[in-house]
Amino acid sequence: MKEKLVTAIADMNEEEAMNLARAMLDAGDDPQVVLDACTEAMLIVGARYDAKEYFLPELIIAGDMMKRIGNLVKPKLRAQVAQAKPLGTIVIGTVAGDIHDIGKDVVSFMLSVNNFQVYDLGVDVSAVAFVAKIREVQPEIVGLSGFLTLAFDQMKRTVQAIQEAGLRDRVKIMIGGAIMDASAAQYVGADAYGASASAAVKLAQFWTGG
Amino acid sequence: MHIQRDWHIEFDEEQYVVQAGGTLSRLLARPSVRADWEAALADARELVRPAAAWDAFPIQELRHERLVLANGAKIGGGPVASVVAGATDLVVGVCTVGGAISQRISEQLRGEQRLRAMFLDDLGSWAVDQVRQQLCRQVEGDAVSRGLHASASLSPGESEWSVAEQAVIFSLMDAREIGVTLTESMVMWPIKSLSLIMGIGPGPLGVEGASNCDFCTIRERCNYQRLRPSLQPAARS
């Protein structure tokens with residue numbers, strides 16, 4: 001049944017996926033097996049997105065399925081069994097002066113359904129706010145989002161603030177947004193750029209060994 | 001300054017499917033996706049408030065790749081000088097579809113209605129582009145009727161033209177008349193807005209017959225250029 005669940009999620013068959021997940025849990029299957037099926041399916045979805053077989057709607061639908069299945073699984077996990085440890089912690093936000101949010105929201109969502117602990121600071125986030133949150137939650141990764149070319153300079157200021165706070169060597173920094181590319185990442189002092197939500201997830205998984 | 005609000009906005013599903021890519025037509029066969037799409041369509045039709053404001057300014061000279069207007073304002077950089085080369089007047093404009101769409105998107109994201117929000121975001125962007133296309137065709141048509149030529153249009157942030165030049169556009173005209181303002185960080189509010197320039201002149205201009213897509217550095221990744229050939233001319237009553 002696990003393989004059927006993987007296929008149902010990957011093929012965007014929501015109703016079938018939910019029915020299979022419920023059936024597996026009702027039959028007493030290990031809830032972790034259900035979660036593992038979700039993870040496998042998301043890898044397939046990501047690969048299909050990279051191959052331009054799937055697009056943003058499929059990523060969102062798959063993410064929604066993951067979330068709904070996760071809500072089914074959580075009550076079944078016994079207290080003494082640790083929940084799947086997050087692969088890592090990420091602080092993400094749209095930098096100060098920019099208020100574009102939908103792309104960042106999709107990335108946040110995809111990271112969370114791929115088992116990352118995400119702290120989304122919202123939009124128009126100052127460098128000071130980024131530094132404060134990094135100190136508080138000690139993430140492995142920081143994500144800076146921006147849509148305007150003027151976001152480059154604010155991203156650079158944010159990276160500099162993280163550096164000045166003595167935190168730069170504790171985090172990996174990725175940038176994202178419609179006009180971001182490798183040269184932008186170099187300019188702002190980030191470690192990499194994510195060309196898409198799927199790419200951001202892969203980068204995060206690579207950096208955390210997930 | 002001209003202000004116009006009676007722009008025709010059309011949300012055609014077939015055109016949207018073309019823009020979004022082949023899988024969407026398959027996804028729309030699913031009841032839940034269909035429901036989100038139709039809800040987004042209903043929202044877009046309910047909330048869209050198209051408006052445009054524009055004005056024309058005589059060009060005095062080109063100096064160091066920047067246009068010097070007769071009123072002393074300077075604007076340019078990037079491909080501006082080459083796009084409008086030969087123009088005697090510069091049209092500057094701002095287009096918007098209002099703030100209600102963006103507000104609804106934010107509400108939907110908070111309510112985890114992501115697919116609906118994504119559809120609505122796409123429709124909002126498409127709508128403001130439709131206002132832009134119609135405005136440009138209208139300005140061009142007006143120029144041609146007077147025996148003049150019109151250049152392609154260009155927006156700050158496209159190609160190598162700095163988005164900071166939006167400040168010049170907003171200094172030349174009061175876009176608050178259509179409810180659009182510019183923040184210090186060059187974000188237009190409402191967010192579903194854009195600004196543009198076009199050149200008008202007596203002879204052939206730098207770039208004619210092109211669209212702003214031709215100058216865009218991210219056109220390979222853009223879905224909207226697939227929509228352009230299928231857009232119908234505006235029919236202003």
# chains A, B, ... in the order shown; residues from 1 in each chain; ligands from 1

$ residues_around --residues "range 107-119 of chain A" --least-positions-apart "5" --cutoff "8 Å" --atoms "only C-alpha atoms" --output "PDB file with N, CA and C atoms, in the first residue's frame"
ATOM      1  N   THR A  39       7.296  11.616   1.772  1.00  0.00           N
ATOM      2  CA  THR A  39       8.616  12.127   1.417  1.00  0.00           C
ATOM      3  C   THR A  39       9.056  11.602   0.060  1.00  0.00           C
ATOM      4  N   MET A  42       7.155  13.360  -2.667  1.00  0.00           N
ATOM      5  CA  MET A  42       7.589  14.735  -2.906  1.00  0.00           C
ATOM      6  C   MET A  42       8.869  14.767  -3.739  1.00  0.00           C
ATOM      7  N   LEU A  59       3.001  21.586  -7.404  1.00  0.00           N
ATOM      8  CA  LEU A  59       3.757  21.682  -6.145  1.00  0.00           C
ATOM      9  C   LEU A  59       2.821  22.031  -4.997  1.00  0.00           C
ATOM     10  N   ILE A  60       1.935  22.965  -5.265  1.00  0.00           N
ATOM     11  CA  ILE A  60       1.017  23.388  -4.212  1.00  0.00           C
ATOM     12  C   ILE A  60       0.052  22.270  -3.850  1.00  0.00           C
ATOM     13  N   GLY A  63       1.858  19.671  -1.880  1.00  0.00           N
ATOM     14  CA  GLY A  63       2.097  20.180  -0.534  1.00  0.00           C
ATOM     15  C   GLY A  63       0.858  20.126   0.326  1.00  0.00           C
ATOM     16  N   MET A  66       0.327  16.628   1.433  1.00  0.00           N
ATOM     17  CA  MET A  66       1.259  16.305   2.509  1.00  0.00           C
ATOM     18  C   MET A  66       0.743  16.817   3.837  1.00  0.00           C
ATOM     19  N   LYS A  67       0.263  18.026   3.809  1.00  0.00           N
ATOM     20  CA  LYS A  67      -0.205  18.660   5.036  1.00  0.00           C
ATOM     21  C   LYS A  67      -1.426  17.911   5.581  1.00  0.00           C
ATOM     22  N   ALA A  84       9.197  12.653  13.517  1.00  0.00           N
ATOM     23  CA  ALA A  84      10.323  12.792  12.595  1.00  0.00           C
ATOM     24  C   ALA A  84      11.028  14.103  12.889  1.00  0.00           C
ATOM     25  N   LYS A  85      12.306  13.954  13.253  1.00  0.00           N
ATOM     26  CA  LYS A  85      13.055  15.166  13.600  1.00  0.00           C
ATOM     27  C   LYS A  85      13.163  16.022  12.358  1.00  0.00           C
ATOM     28  N   PRO A  86      12.940  17.336  12.502  1.00  0.00           N
ATOM     29  CA  PRO A  86      13.069  18.188  11.330  1.00  0.00           C
ATOM     30  C   PRO A  86      14.467  18.049  10.741  1.00  0.00           C
ATOM     31  N   LEU A  87      14.542  18.142   9.454  1.00  0.00           N
ATOM     32  CA  LEU A  87      15.830  18.070   8.780  1.00  0.00           C
ATOM     33  C   LEU A  87      16.688  19.270   9.125  1.00  0.00           C
ATOM     34  N   GLY A  88      16.023  20.373   9.437  1.00  0.00           N
ATOM     35  CA  GLY A  88      16.759  21.581   9.768  1.00  0.00           C
ATOM     36  C   GLY A  88      15.788  22.697  10.059  1.00  0.00           C
ATOM     37  N   THR A  89      16.338  23.807  10.468  1.00  0.00           N
ATOM     38  CA  THR A  89      15.539  24.986  10.794  1.00  0.00           C
ATOM     39  C   THR A  89      15.897  26.097   9.822  1.00  0.00           C
ATOM     40  N   ILE A  90      14.885  26.777   9.362  1.00  0.00           N
ATOM     41  CA  ILE A  90      15.096  27.838   8.377  1.00  0.00           C
ATOM     42  C   ILE A  90      14.370  29.104   8.814  1.00  0.00           C
ATOM     43  N   VAL A  91      15.062  30.216   8.727  1.00  0.00           N
ATOM     44  CA  VAL A  91      14.435  31.526   8.904  1.00  0.00           C
ATOM     45  C   VAL A  91      14.328  32.145   7.519  1.00  0.00           C
ATOM     46  N   ILE A  92      13.122  32.568   7.154  1.00  0.00           N
ATOM     47  CA  ILE A  92      12.909  33.101   5.809  1.00  0.00           C
ATOM     48  C   ILE A  92      12.084  34.372   5.881  1.00  0.00           C
ATOM     49  N   SER A 196      13.743  28.210  -7.869  1.00  0.00           N
ATOM     50  CA  SER A 196      12.327  27.843  -7.760  1.00  0.00           C
ATOM     51  C   SER A 196      12.100  27.277  -6.367  1.00  0.00           C
ATOM     52  N   ALA A 197      10.844  27.049  -6.031  1.00  0.00           N
ATOM     53  CA  ALA A 197      10.533  26.455  -4.727  1.00  0.00           C
ATOM     54  C   ALA A 197      11.160  25.069  -4.618  1.00  0.00           C
ATOM     55  N   SER A 198      11.093  24.347  -5.714  1.00  0.00           N
ATOM     56  CA  SER A 198      11.661  22.992  -5.723  1.00  0.00           C
ATOM     57  C   SER A 198      13.176  23.050  -5.516  1.00  0.00           C
ATOM     58  N   ALA A 200      14.813  25.404  -4.011  1.00  0.00           N
ATOM     59  CA  ALA A 200      15.088  25.826  -2.633  1.00  0.00           C
ATOM     60  C   ALA A 200      15.032  24.630  -1.685  1.00  0.00           C
ATOM     61  N   VAL A 201      14.084  23.761  -1.888  1.00  0.00           N
ATOM     62  CA  VAL A 201      13.969  22.560  -1.042  1.00  0.00           C
ATOM     63  C   VAL A 201      15.200  21.675  -1.225  1.00  0.00           C
TER      64      VAL A 201
END

$ interface_residues --of "chain B" --to "chain A" --cutoff "9 Å" --atoms "only C-alpha atoms" --output "count of residues only"
31

$ residues_around --residues "Ala41 in chain A" --least-positions-apart "4" --cutoff "9 Å" --atoms "only C-alpha atoms" --output "list of chain:residue names"
A:Leu5, A:Val6, A:Thr7, A:Ala8, A:Ile9, A:Ala10, A:Asp11, A:Asp36, A:Ala37, A:Val45, A:Gly46, A:Ala62

$ write_last_selection --atoms "N, CA and C atoms" --output "short mmCIF file (atom, residue, chain, number, x, y, z; two decimals), in the first residue's frame"
data_model
loop_
_atom_site.label_atom_id
_atom_site.label_comp_id
_atom_site.auth_asym_id
_atom_site.auth_seq_id
_atom_site.Cartn_x
_atom_site.Cartn_y
_atom_site.Cartn_z
N LEU A 5 0.40 4.58 -2.26
CA LEU A 5 0.26 5.92 -1.70
C LEU A 5 1.25 6.88 -2.36
N VAL A 6 2.48 6.41 -2.52
CA VAL A 6 3.50 7.23 -3.19
C VAL A 6 3.01 7.63 -4.58
N THR A 7 2.51 6.67 -5.29
CA THR A 7 2.05 6.92 -6.67
C THR A 7 0.86 7.86 -6.68
N ALA A 8 -0.06 7.66 -5.75
CA ALA A 8 -1.27 8.50 -5.72
C ALA A 8 -0.89 9.96 -5.47
N ILE A 9 0.01 10.19 -4.53
CA ILE A 9 0.43 11.57 -4.25
C ILE A 9 1.16 12.13 -5.45
N ALA A 10 2.11 11.38 -5.97
CA ALA A 10 2.94 11.87 -7.07
C ALA A 10 2.11 12.13 -8.33
N ASP A 11 1.05 11.37 -8.49
CA ASP A 11 0.19 11.53 -9.68
C ASP A 11 -0.95 12.51 -9.42
N ASP A 36 6.93 8.51 5.40
CA ASP A 36 8.00 8.19 4.44
C ASP A 36 7.47 8.16 3.02
N ALA A 37 6.25 7.64 2.87
CA ALA A 37 5.63 7.62 1.53
C ALA A 37 5.47 9.04 1.01
N VAL A 45 7.64 14.37 -7.20
CA VAL A 45 7.01 15.62 -7.64
C VAL A 45 8.08 16.66 -7.99
N GLY A 46 9.08 16.76 -7.14
CA GLY A 46 10.17 17.70 -7.40
C GLY A 46 10.90 17.40 -8.69
N ALA A 62 0.49 19.04 -4.20
CA ALA A 62 1.23 18.00 -3.49
C ALA A 62 1.49 18.43 -2.05
#

$ atom_distance --atom1 "CA of Leu72 in chain A" --atom2 "CA of Arg110 in chain B"
21.2 Å

$ closest_residue --among "B:Val128, B:Ile197, B:Val84, B:Ala73" --to "Gln60 in chain B" --atoms "only C-alpha atoms"
B:Ala73

$ select_by_dssp --residues "range 153-205 of chain B" --states "helix (DSSP H, G or I)" --output "list of chain:residue names"
B:Val163, B:Ala164, B:Glu165, B:Gln166, B:Ala167, B:Val168, B:Ile169, B:Phe170, B:Ser171, B:Leu172, B:Ala175, B:Arg176, B:Glu177, B:Ile178

$ write_last_selection --atoms "N, CA and C atoms" --output "PDB file, in the first residue's frame"
ATOM      1  N   VAL B 163      14.953  50.121 -11.639  1.00  0.00           N
ATOM      2  CA  VAL B 163      13.619  50.332 -11.090  1.00  0.00           C
ATOM      3  C   VAL B 163      13.559  51.662 -10.326  1.00  0.00           C
ATOM      4  N   ALA B 164      14.723  52.184  -9.958  1.00  0.00           N
ATOM      5  CA  ALA B 164      14.751  53.473  -9.249  1.00  0.00           C
ATOM      6  C   ALA B 164      14.193  54.609 -10.114  1.00  0.00           C
ATOM      7  N   GLU B 165      14.201  54.408 -11.443  1.00  0.00           N
ATOM      8  CA  GLU B 165      13.678  55.457 -12.322  1.00  0.00           C
ATOM      9  C   GLU B 165      12.165  55.625 -12.184  1.00  0.00           C
ATOM     10  N   GLN B 166      11.533  54.716 -11.468  1.00  0.00           N
ATOM     11  CA  GLN B 166      10.096  54.901 -11.200  1.00  0.00           C
ATOM     12  C   GLN B 166       9.869  56.212 -10.458  1.00  0.00           C
ATOM     13  N   ALA B 167      10.858  56.608  -9.659  1.00  0.00           N
ATOM     14  CA  ALA B 167      10.705  57.845  -8.902  1.00  0.00           C
ATOM     15  C   ALA B 167      10.535  59.038  -9.844  1.00  0.00           C
ATOM     16  N   VAL B 168      11.205  58.980 -10.993  1.00  0.00           N
ATOM     17  CA  VAL B 168      11.081  60.085 -11.952  1.00  0.00           C
ATOM     18  C   VAL B 168       9.673  60.084 -12.542  1.00  0.00           C
ATOM     19  N   ILE B 169       9.206  58.901 -12.927  1.00  0.00           N
ATOM     20  CA  ILE B 169       7.844  58.795 -13.491  1.00  0.00           C
ATOM     21  C   ILE B 169       6.819  59.345 -12.505  1.00  0.00           C
ATOM     22  N   PHE B 170       6.960  58.980 -11.249  1.00  0.00           N
ATOM     23  CA  PHE B 170       5.986  59.417 -10.249  1.00  0.00           C
ATOM     24  C   PHE B 170       6.143  60.898  -9.907  1.00  0.00           C
ATOM     25  N   SER B 171       7.297  61.482 -10.235  1.00  0.00           N
ATOM     26  CA  SER B 171       7.448  62.917 -10.016  1.00  0.00           C
ATOM     27  C   SER B 171       6.816  63.717 -11.157  1.00  0.00           C
ATOM     28  N   LEU B 172       6.658  63.057 -12.301  1.00  0.00           N
ATOM     29  CA  LEU B 172       6.116  63.732 -13.476  1.00  0.00           C
ATOM     30  C   LEU B 172       4.586  63.759 -13.480  1.00  0.00           C
ATOM     31  N   ALA B 175       0.047  59.935  -9.707  1.00  0.00           N
ATOM     32  CA  ALA B 175      -0.699  58.694  -9.879  1.00  0.00           C
ATOM     33  C   ALA B 175      -1.666  58.428  -8.736  1.00  0.00           C
ATOM     34  N   ARG B 176      -1.634  59.288  -7.727  1.00  0.00           N
ATOM     35  CA  ARG B 176      -2.629  59.127  -6.652  1.00  0.00           C
ATOM     36  C   ARG B 176      -4.037  59.320  -7.200  1.00  0.00           C
ATOM     37  N   GLU B 177      -4.135  59.986  -8.346  1.00  0.00           N
ATOM     38  CA  GLU B 177      -5.442  60.170  -8.977  1.00  0.00           C
ATOM     39  C   GLU B 177      -6.087  58.831  -9.329  1.00  0.00           C
ATOM     40  N   ILE B 178      -5.274  57.807  -9.531  1.00  0.00           N
ATOM     41  CA  ILE B 178      -5.813  56.459  -9.770  1.00  0.00           C
ATOM     42  C   ILE B 178      -5.464  55.539  -8.599  1.00  0.00           C
TER      43      ILE B 178
END

$ closest_residue --among "B:Ser159, B:Val68, B:Trp37, B:Ala100" --to "Arg116 in chain B" --atoms "only C-alpha atoms"
B:Trp37

$ closest_residue --among "A:Ile69, A:Leu25, A:Ala161, A:Ile173" --to "Ala190 in chain A" --atoms "only C-alpha atoms"
A:Ile173

$ select_by_dssp --residues "range 47-222 of chain B" --states "strand (DSSP E or B)" --output "ChimeraX atom specification"
/B:51-63,66-69,74-76,89-96,149-154,181-182,188-189,193-201

$ write_last_selection --atoms "N, CA and C atoms" --output "CSV table (one decimal), in the first residue's frame"
chain,number,residue,atom,x,y,z
B,51,ALA,N,-7.4,50.9,-14.1
B,51,ALA,CA,-7.3,52.3,-14.3
B,51,ALA,C,-5.9,52.6,-14.8
B,52,ALA,N,-5.8,53.7,-15.6
B,52,ALA,CA,-4.5,54.1,-16.1
B,52,ALA,C,-4.5,55.6,-16.1
B,53,ALA,N,-3.3,56.2,-15.9
B,53,ALA,CA,-3.1,57.6,-16.0
B,53,ALA,C,-1.8,57.8,-16.8
B,54,TRP,N,-1.9,58.8,-17.7
B,54,TRP,CA,-0.7,59.0,-18.5
B,54,TRP,C,-0.6,60.5,-19.0
B,55,ASP,N,0.6,60.9,-19.3
B,55,ASP,CA,0.8,62.2,-19.8
B,55,ASP,C,2.0,62.2,-20.7
B,56,ALA,N,2.1,63.3,-21.5
B,56,ALA,CA,3.2,63.4,-22.5
B,56,ALA,C,4.0,64.6,-22.2
B,57,PHE,N,5.3,64.5,-22.4
B,57,PHE,CA,6.3,65.6,-22.1
B,57,PHE,C,7.2,65.8,-23.2
B,58,PRO,N,7.4,67.0,-23.7
B,58,PRO,CA,8.3,67.3,-24.8
B,58,PRO,C,9.7,66.9,-24.3
B,59,ILE,N,10.5,66.3,-25.2
B,59,ILE,CA,11.9,65.9,-25.0
B,59,ILE,C,12.8,67.1,-25.5
B,60,GLN,N,13.6,67.6,-24.6
B,60,GLN,CA,14.5,68.7,-25.1
B,60,GLN,C,15.7,68.2,-25.7
B,61,GLU,N,16.4,67.2,-25.1
B,61,GLU,CA,17.6,66.6,-25.6
B,61,GLU,C,18.0,65.3,-25.0
B,62,LEU,N,18.9,64.6,-25.6
B,62,LEU,CA,19.5,63.4,-25.0
B,62,LEU,C,20.9,63.8,-24.5
B,63,ARG,N,21.1,63.6,-23.3
B,63,ARG,CA,22.4,64.0,-22.7
B,63,ARG,C,22.9,62.8,-21.8
B,66,ARG,N,20.6,60.0,-21.1
B,66,ARG,CA,19.4,60.3,-20.3
B,66,ARG,C,18.6,61.4,-21.1
B,67,LEU,N,17.3,61.2,-21.1
B,67,LEU,CA,16.5,62.1,-21.8
B,67,LEU,C,16.3,63.3,-20.9
B,68,VAL,N,16.5,64.5,-21.4
B,68,VAL,CA,16.2,65.7,-20.7
B,68,VAL,C,14.9,66.3,-21.2
B,69,LEU,N,13.9,66.3,-20.4
B,69,LEU,CA,12.6,66.8,-20.8
B,69,LEU,C,12.5,68.3,-20.7
B,74,LYS,N,14.9,64.6,-15.8
B,74,LYS,CA,15.8,63.7,-16.5
B,74,LYS,C,15.4,62.3,-16.3
B,75,ILE,N,15.4,61.5,-17.3
B,75,ILE,CA,15.0,60.1,-17.2
B,75,ILE,C,15.7,59.2,-18.2
B,76,GLY,N,16.1,58.1,-17.8
B,76,GLY,CA,16.8,57.2,-18.8
B,76,GLY,C,17.7,56.2,-18.1
B,89,ASP,N,8.6,63.5,-28.0
B,89,ASP,CA,7.8,63.5,-26.8
B,89,ASP,C,7.9,62.2,-26.1
B,90,LEU,N,7.8,62.3,-24.8
B,90,LEU,CA,7.8,61.0,-24.0
B,90,LEU,C,6.5,60.9,-23.3
B,91,VAL,N,5.9,59.8,-23.5
B,91,VAL,CA,4.6,59.5,-22.7
B,91,VAL,C,5.0,58.7,-21.5
B,92,VAL,N,4.6,59.1,-20.4
B,92,VAL,CA,4.8,58.3,-19.1
B,92,VAL,C,3.4,57.9,-18.6
B,93,GLY,N,3.3,56.7,-18.1
B,93,GLY,CA,2.0,56.2,-17.6
B,93,GLY,C,2.1,55.3,-16.5
B,94,VAL,N,1.0,55.1,-15.7
B,94,VAL,CA,0.9,54.2,-14.6
B,94,VAL,C,-0.4,53.4,-14.8
B,95,CYS,N,-0.3,52.1,-14.7
B,95,CYS,CA,-1.5,51.3,-14.8
B,95,CYS,C,-1.7,50.5,-13.5
B,96,THR,N,-3.0,50.2,-13.2
B,96,THR,CA,-3.2,49.5,-12.0
B,96,THR,C,-4.6,48.7,-12.1
B,149,HIS,N,4.8,58.6,-35.1
B,149,HIS,CA,5.2,57.2,-34.8
B,149,HIS,C,5.3,57.1,-33.3
B,150,ALA,N,5.1,55.8,-32.9
B,150,ALA,CA,5.2,55.5,-31.4
B,150,ALA,C,6.3,54.4,-31.3
B,151,SER,N,7.0,54.5,-30.2
B,151,SER,CA,8.0,53.5,-29.9
B,151,SER,C,7.4,52.3,-29.2
B,152,ALA,N,8.2,51.3,-28.9
B,152,ALA,CA,7.8,50.3,-28.0
B,152,ALA,C,7.8,50.9,-26.6
B,153,SER,N,7.1,50.2,-25.7
B,153,SER,CA,7.1,50.7,-24.3
B,153,SER,C,8.1,50.0,-23.5
B,154,LEU,N,8.5,50.6,-22.4
B,154,LEU,CA,9.5,50.0,-21.5
B,154,LEU,C,9.1,50.4,-20.0
B,181,THR,N,0.6,54.8,-5.4
B,181,THR,CA,1.7,55.6,-4.8
B,181,THR,C,2.9,54.7,-4.9
B,182,LEU,N,4.0,55.4,-4.7
B,182,LEU,CA,5.4,54.7,-4.8
B,182,LEU,C,6.0,54.9,-3.4
B,188,MET,N,5.4,49.9,-6.0
B,188,MET,CA,4.2,50.6,-6.2
B,188,MET,C,3.1,49.9,-5.3
B,189,TRP,N,2.3,50.8,-4.8
B,189,TRP,CA,1.1,50.3,-4.0
B,189,TRP,C,-0.1,50.9,-4.6
B,193,SER,N,0.3,47.0,-10.0
B,193,SER,CA,0.4,48.2,-10.8
B,193,SER,C,1.7,48.2,-11.5
B,194,LEU,N,1.8,49.0,-12.6
B,194,LEU,CA,3.1,49.1,-13.3
B,194,LEU,C,3.2,50.5,-13.9
B,195,SER,N,4.4,50.9,-14.2
B,195,SER,CA,4.6,52.2,-14.8
B,195,SER,C,5.3,51.9,-16.1
B,196,LEU,N,5.3,52.9,-17.0
B,196,LEU,CA,5.9,52.7,-18.4
B,196,LEU,C,6.2,54.0,-19.0
B,197,ILE,N,7.0,53.9,-20.1
B,197,ILE,CA,7.2,55.1,-20.9
B,197,ILE,C,7.1,54.6,-22.4
B,198,MET,N,6.8,55.6,-23.3
B,198,MET,CA,6.8,55.3,-24.7
B,198,MET,C,7.3,56.6,-25.4
B,199,GLY,N,7.9,56.5,-26.5
B,199,GLY,CA,8.3,57.7,-27.3
B,199,GLY,C,7.3,57.9,-28.4
B,200,ILE,N,7.1,59.2,-28.7
B,200,ILE,CA,6.3,59.6,-29.8
B,200,ILE,C,7.1,60.6,-30.7
B,201,GLY,N,7.1,60.4,-32.0
B,201,GLY,CA,7.8,61.3,-32.8
B,201,GLY,C,7.4,61.3,-34.3

$ atom_distance --atom1 "CA of Asp174 in chain B" --atom2 "CA of Trp7 in chain B"
19.8 Å

$ atom_distance --atom1 "CA of Ala81 in chain B" --atom2 "CA of His64 in chain B"
9.5 Å
